[in-house]
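Notes for the one structure printed next.
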Amino acid sequence: LSPDEQSSLDNQVPRLCSILNDHDVVTQKDFTKEAWDYMRDEKFFGMKIPKEWGGLGFSTHAVSCVLAKLATQCFDANATVAVPNSLGPGELLVRYGTDEQKEYFLPRLANGTLIPCFGLTGPHSGSDATSLIGSDCVVSKHPETGELGVVASFKKRYITLAPVAGVVGLGLNLSDPDGLLGGEGGEGFTVALLERGHEGLRMGPRHIPLNAAFMNGTVEGEDVWIPMTSILGGQERCGFGWNMFVECLAEGRGVSLPAGSIGAARTVLSGVGAYSRVRKQFKVPIAEFGGIQEAMAKAGSDGLITIAGGDVMNAIVDNHEAPMVISSVMKQNCTERGRRIVECGMDIAAGSAICRGDKNYMGNAYMSLPIAI
């Protein structure tokens, strides 16, 4: 880690954790204004954006460390910070955005003026998100100005941060039946950038994923006019969305979700491990019982494997690679290990982990497990 990255982990991240009361967040289904403001002010939503654009310029490994730490305190904070630094369009703008798009969006994304989300999943497009069923756009000219653009209709579901997002990256299936592109750009998967308030764009209503409180909702529109200036990268990047998707999802699947499992491992092995030494049954610490030792050993081994896998994946992404298969394996393997780790922790903590309240550091994570899976 660089000195700036280590300083953030030593100062800003613990400060944010101290602001967050996990029980209150889940009960109120939102963060406090203080927490939202602190995340914006300290650029938690712009960790991957380069410093030249006002971001923190953190490495993938540093972002993973931040997310893992947040996961030990509040699953919803982990999810909220993860999206702008993986599934949000910030890094795609850095790599593929036009100069005008970079100058407008990146400073606003870095300071939290605009919170981003990425609209890909739909009612009929889940794991096969790139099928883009029900998310179509046709190249056309504006009937009044003659400006070249697309007319799009889309229905997106389960979009994290949509209810509070100021800009959405939309995955669309572009067609050009009249050949208006003229050889600049092509048909296929295309990403558009639309700000909240764009004519015809509807952000909402909100989903409530199980017991979690992180913002999640719908993004919809019918016959929405989108100028070519709002296509990420401009007209020449029409049909280039698959490449962007692979890079974007590699980080979301391979880095952000495993970081949550790493946080779960550290919570269980430190918190539940300490509990097992002080909790006594039959005048003996339960840590001396074979069944408890077995559960702790399973959690410990899964935790170490998850941490090792995270370190390798972080290094791969920091080397500017985006391996789709490896990231998918990381997502499946680490979230499953995370589930087993938390289940072991719940088995050991027993009654102390099922009564909800400020002191329960396991219950909310346990109830949120299917979301990560």
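For the structure tokens, the naming scheme is as follows: chains receive sequential letters (A, B, ...) according to their order of presentation, residues are indexed from 1 within each chain, and ligands are indexed from 1 in presentation order.
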
Could you pull out the residues in stretch 216-328 of chain A that DSSP calls strand (DSSP E or B) from the backbone, as a ChimeraX atom specification? /A:216-227,231,280-281,284-285

Next, dump the selected residues to file, keeping only N, CA and C atoms, as a short mmCIF file (atom, residue, chain, number, x, y, z; two decimals), in the first residue's frame.
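Contents of the output file part_13.cif:
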data_model
loop_
_atom_site.label_atom_id
_atom_site.label_comp_id
_atom_site.auth_asym_id
_atom_site.auth_seq_id
_atom_site.Cartn_x
_atom_site.Cartn_y
_atom_site.Cartn_z
N ASN A 216 -31.18 0.11 -3.63
CA ASN A 216 -31.31 -0.79 -4.76
C ASN A 216 -32.67 -0.54 -5.40
N GLY A 217 -32.73 -0.50 -6.73
CA GLY A 217 -34.01 -0.18 -7.34
C GLY A 217 -34.03 -0.40 -8.83
N THR A 218 -35.00 0.22 -9.48
CA THR A 218 -35.23 0.03 -10.90
C THR A 218 -34.78 1.24 -11.71
N VAL A 219 -34.49 0.99 -12.98
CA VAL A 219 -34.17 2.05 -13.95
C VAL A 219 -34.94 1.70 -15.22
N GLU A 220 -35.82 2.60 -15.64
CA GLU A 220 -36.68 2.29 -16.77
C GLU A 220 -36.84 3.50 -17.70
N GLY A 221 -37.27 3.22 -18.92
CA GLY A 221 -37.57 4.29 -19.87
C GLY A 221 -38.12 3.70 -21.15
N GLU A 222 -38.99 4.45 -21.82
CA GLU A 222 -39.54 4.04 -23.11
C GLU A 222 -39.31 5.15 -24.12
N ASP A 223 -38.74 4.78 -25.25
CA ASP A 223 -38.50 5.72 -26.36
C ASP A 223 -37.75 6.96 -25.88
N VAL A 224 -36.68 6.70 -25.15
CA VAL A 224 -35.86 7.79 -24.60
C VAL A 224 -34.82 8.22 -25.64
N TRP A 225 -34.79 9.53 -25.93
CA TRP A 225 -33.79 10.05 -26.87
C TRP A 225 -32.46 10.22 -26.17
N ILE A 226 -31.40 9.62 -26.76
CA ILE A 226 -30.06 9.70 -26.20
C ILE A 226 -29.12 10.19 -27.30
N PRO A 227 -28.55 11.37 -27.16
CA PRO A 227 -27.62 11.86 -28.20
C PRO A 227 -26.31 11.08 -28.18
N ILE A 231 -23.26 8.63 -25.35
CA ILE A 231 -22.72 7.27 -25.46
C ILE A 231 -21.32 7.28 -24.86
N LYS A 280 -18.23 -19.71 28.82
CA LYS A 280 -18.00 -20.99 29.49
C LYS A 280 -19.29 -21.79 29.57
N GLN A 281 -19.15 -23.07 29.41
CA GLN A 281 -20.21 -24.04 29.66
C GLN A 281 -19.62 -25.16 30.49
N VAL A 284 -16.12 -24.59 31.70
CA VAL A 284 -15.00 -24.75 30.76
C VAL A 284 -15.21 -23.81 29.58
N PRO A 285 -14.19 -23.06 29.15
CA PRO A 285 -14.36 -22.25 27.94
C PRO A 285 -14.78 -23.12 26.76
#

Quick one: residues within 12 Å of stretch 120-125 of chain A, only C-alpha atoms, excluding same-chain residues fewer than 3 positions away - as a ChimeraX atom specification? /A:87-89,117,128-136,154-160,162,168-173,189-192,216-220,241-242,245,248-249

Output file for the residues above (C-alpha atoms, as a PDB file, in the first residue's frame):
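Contents of out10.pdb, as written:
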ATOM      1  CA  LEU A  87     -19.538  -1.445 -11.189  1.00  0.00           C
ATOM      2  CA  GLY A  88     -19.827   2.312 -11.521  1.00  0.00           C
ATOM      3  CA  PRO A  89     -18.796   3.989 -14.796  1.00  0.00           C
ATOM      4  CA  CYS A 117     -24.898   3.123 -10.725  1.00  0.00           C
ATOM      5  CA  ASP A 128     -26.683 -13.691 -18.753  1.00  0.00           C
ATOM      6  CA  ALA A 129     -26.819  -9.925 -18.391  1.00  0.00           C
ATOM      7  CA  THR A 130     -25.261  -9.275 -21.783  1.00  0.00           C
ATOM      8  CA  SER A 131     -28.282 -10.794 -23.480  1.00  0.00           C
ATOM      9  CA  LEU A 132     -29.829  -7.342 -22.801  1.00  0.00           C
ATOM     10  CA  ILE A 133     -33.364  -8.679 -23.297  1.00  0.00           C
ATOM     11  CA  GLY A 134     -35.745  -5.736 -23.191  1.00  0.00           C
ATOM     12  CA  SER A 135     -32.976  -3.104 -23.415  1.00  0.00           C
ATOM     13  CA  ASP A 136     -32.894  -2.006 -27.046  1.00  0.00           C
ATOM     14  CA  PHE A 154     -35.178  -0.399 -21.244  1.00  0.00           C
ATOM     15  CA  LYS A 155     -36.265  -2.070 -18.025  1.00  0.00           C
ATOM     16  CA  LYS A 156     -33.566  -2.631 -15.431  1.00  0.00           C
ATOM     17  CA  ARG A 157     -33.988  -4.322 -12.051  1.00  0.00           C
ATOM     18  CA  TYR A 158     -31.897  -4.835  -8.900  1.00  0.00           C
ATOM     19  CA  ILE A 159     -29.647  -1.869  -9.685  1.00  0.00           C
ATOM     20  CA  THR A 160     -27.587  -1.034  -6.609  1.00  0.00           C
ATOM     21  CA  ALA A 162     -30.224   3.535  -8.336  1.00  0.00           C
ATOM     22  CA  VAL A 168     -26.507   5.723 -14.567  1.00  0.00           C
ATOM     23  CA  GLY A 169     -24.440   3.709 -17.018  1.00  0.00           C
ATOM     24  CA  LEU A 170     -26.956   1.839 -19.188  1.00  0.00           C
ATOM     25  CA  GLY A 171     -26.221  -1.365 -21.058  1.00  0.00           C
ATOM     26  CA  LEU A 172     -28.156  -1.305 -24.343  1.00  0.00           C
ATOM     27  CA  ASN A 173     -28.398  -3.504 -27.426  1.00  0.00           C
ATOM     28  CA  PHE A 189     -23.715  -3.954 -26.718  1.00  0.00           C
ATOM     29  CA  THR A 190     -23.363  -0.213 -26.073  1.00  0.00           C
ATOM     30  CA  VAL A 191     -23.080   1.821 -22.863  1.00  0.00           C
ATOM     31  CA  ALA A 192     -24.886   5.143 -22.451  1.00  0.00           C
ATOM     32  CA  ASN A 216     -31.311  -0.793  -4.759  1.00  0.00           C
ATOM     33  CA  GLY A 217     -34.008  -0.185  -7.344  1.00  0.00           C
ATOM     34  CA  THR A 218     -35.232   0.027 -10.903  1.00  0.00           C
ATOM     35  CA  VAL A 219     -34.173   2.047 -13.946  1.00  0.00           C
ATOM     36  CA  GLU A 220     -36.683   2.289 -16.774  1.00  0.00           C
ATOM     37  CA  GLY A 241     -19.835  -2.410 -24.536  1.00  0.00           C
ATOM     38  CA  TRP A 242     -18.733  -6.034 -24.214  1.00  0.00           C
ATOM     39  CA  PHE A 245     -18.533  -4.992 -19.406  1.00  0.00           C
ATOM     40  CA  CYS A 248     -16.233  -3.654 -15.145  1.00  0.00           C
ATOM     41  CA  LEU A 249     -17.579  -7.031 -14.020  1.00  0.00           C
TER      42      LEU A 249
END

Need the shell around A:Ala350: protein/DNA/RNA residues with any atom at most 12 Å away, counting only C-alpha atoms. Skip same-chain ones fewer than 5 positions apart. Format as a list in words?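 These residues fall inside the cut-off: Val272, Tyr275, Ser276, Arg279, Ile286, Ile292, Val342, Glu343, Cys344, Gly345, Cys355, Asn360, Met362 and Gly363 of chain A.
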
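Taking atom CA of A:Gly97 and atom CA of A:Val138 as endpoints, the distance between them is 21.3 Å.
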
Residues of stretch 236-326 of chain A in alpha helix (DSSP H), written as an MDAnalysis selection string: chainID A and resid 241:251 257:267 273:278 290:318 324:326

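The shell of residues at most 12 Å from A:Gly290, with only C-alpha atoms counted and near chain neighbours (fewer than 6 positions) removed, consists of Ser276, Met296, Ala297 and Ile348 of chain A.
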
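Using only C-alpha atoms, the contacts of A:Gln28 at a cut-off of 10 Å, with sequence neighbours closer than 5 positions omitted, comprise Asp22, His23 and Ala213 of chain A.
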
Could you write out the selected residues, including all heavy atoms, as a PDB file, in the first residue's frame?
ATOM      1  N   ASP A  22     -24.555  -0.415  12.746  1.00  0.00           N
ATOM      2  CA  ASP A  22     -25.126  -1.391  11.827  1.00  0.00           C
ATOM      3  C   ASP A  22     -26.599  -1.658  12.130  1.00  0.00           C
ATOM      4  O   ASP A  22     -27.434  -1.756  11.219  1.00  0.00           O
ATOM      5  CB  ASP A  22     -24.318  -2.688  11.894  1.00  0.00           C
ATOM      6  CG  ASP A  22     -24.720  -3.673  10.813  1.00  0.00           C
ATOM      7  OD1 ASP A  22     -24.933  -3.235   9.661  1.00  0.00           O
ATOM      8  OD2 ASP A  22     -24.816  -4.875  11.106  1.00  0.00           O
ATOM      9  N   HIS A  23     -26.929  -1.765  13.403  1.00  0.00           N
ATOM     10  CA  HIS A  23     -28.325  -2.036  13.781  1.00  0.00           C
ATOM     11  C   HIS A  23     -29.239  -0.891  13.367  1.00  0.00           C
ATOM     12  O   HIS A  23     -30.331  -1.112  12.815  1.00  0.00           O
ATOM     13  CB  HIS A  23     -28.421  -2.265  15.287  1.00  0.00           C
ATOM     14  CG  HIS A  23     -29.818  -2.494  15.774  1.00  0.00           C
ATOM     15  ND1 HIS A  23     -30.559  -3.598  15.427  1.00  0.00           N
ATOM     16  CD2 HIS A  23     -30.630  -1.738  16.577  1.00  0.00           C
ATOM     17  CE1 HIS A  23     -31.755  -3.530  15.992  1.00  0.00           C
ATOM     18  NE2 HIS A  23     -31.831  -2.414  16.691  1.00  0.00           N
ATOM     19  N   ALA A 213     -30.055  -2.740   3.897  1.00  0.00           N
ATOM     20  CA  ALA A 213     -30.486  -1.346   3.795  1.00  0.00           C
ATOM     21  C   ALA A 213     -29.838  -0.609   2.638  1.00  0.00           C
ATOM     22  O   ALA A 213     -30.190   0.550   2.394  1.00  0.00           O
ATOM     23  CB  ALA A 213     -30.158  -0.612   5.101  1.00  0.00           C
TER      24      ALA A 213
END

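The smallest atom-to-atom distance between A:Gly90 and any of A:Met324, A:Met47, A:Cys74, A:Val66, using only C-alpha atoms, is found for A:Met47.
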
Using only C-alpha atoms: which of A:Ala265, A:Leu232, A:Ser18, A:Gln6 has the shortest distance to A:Val63: A:Gln6
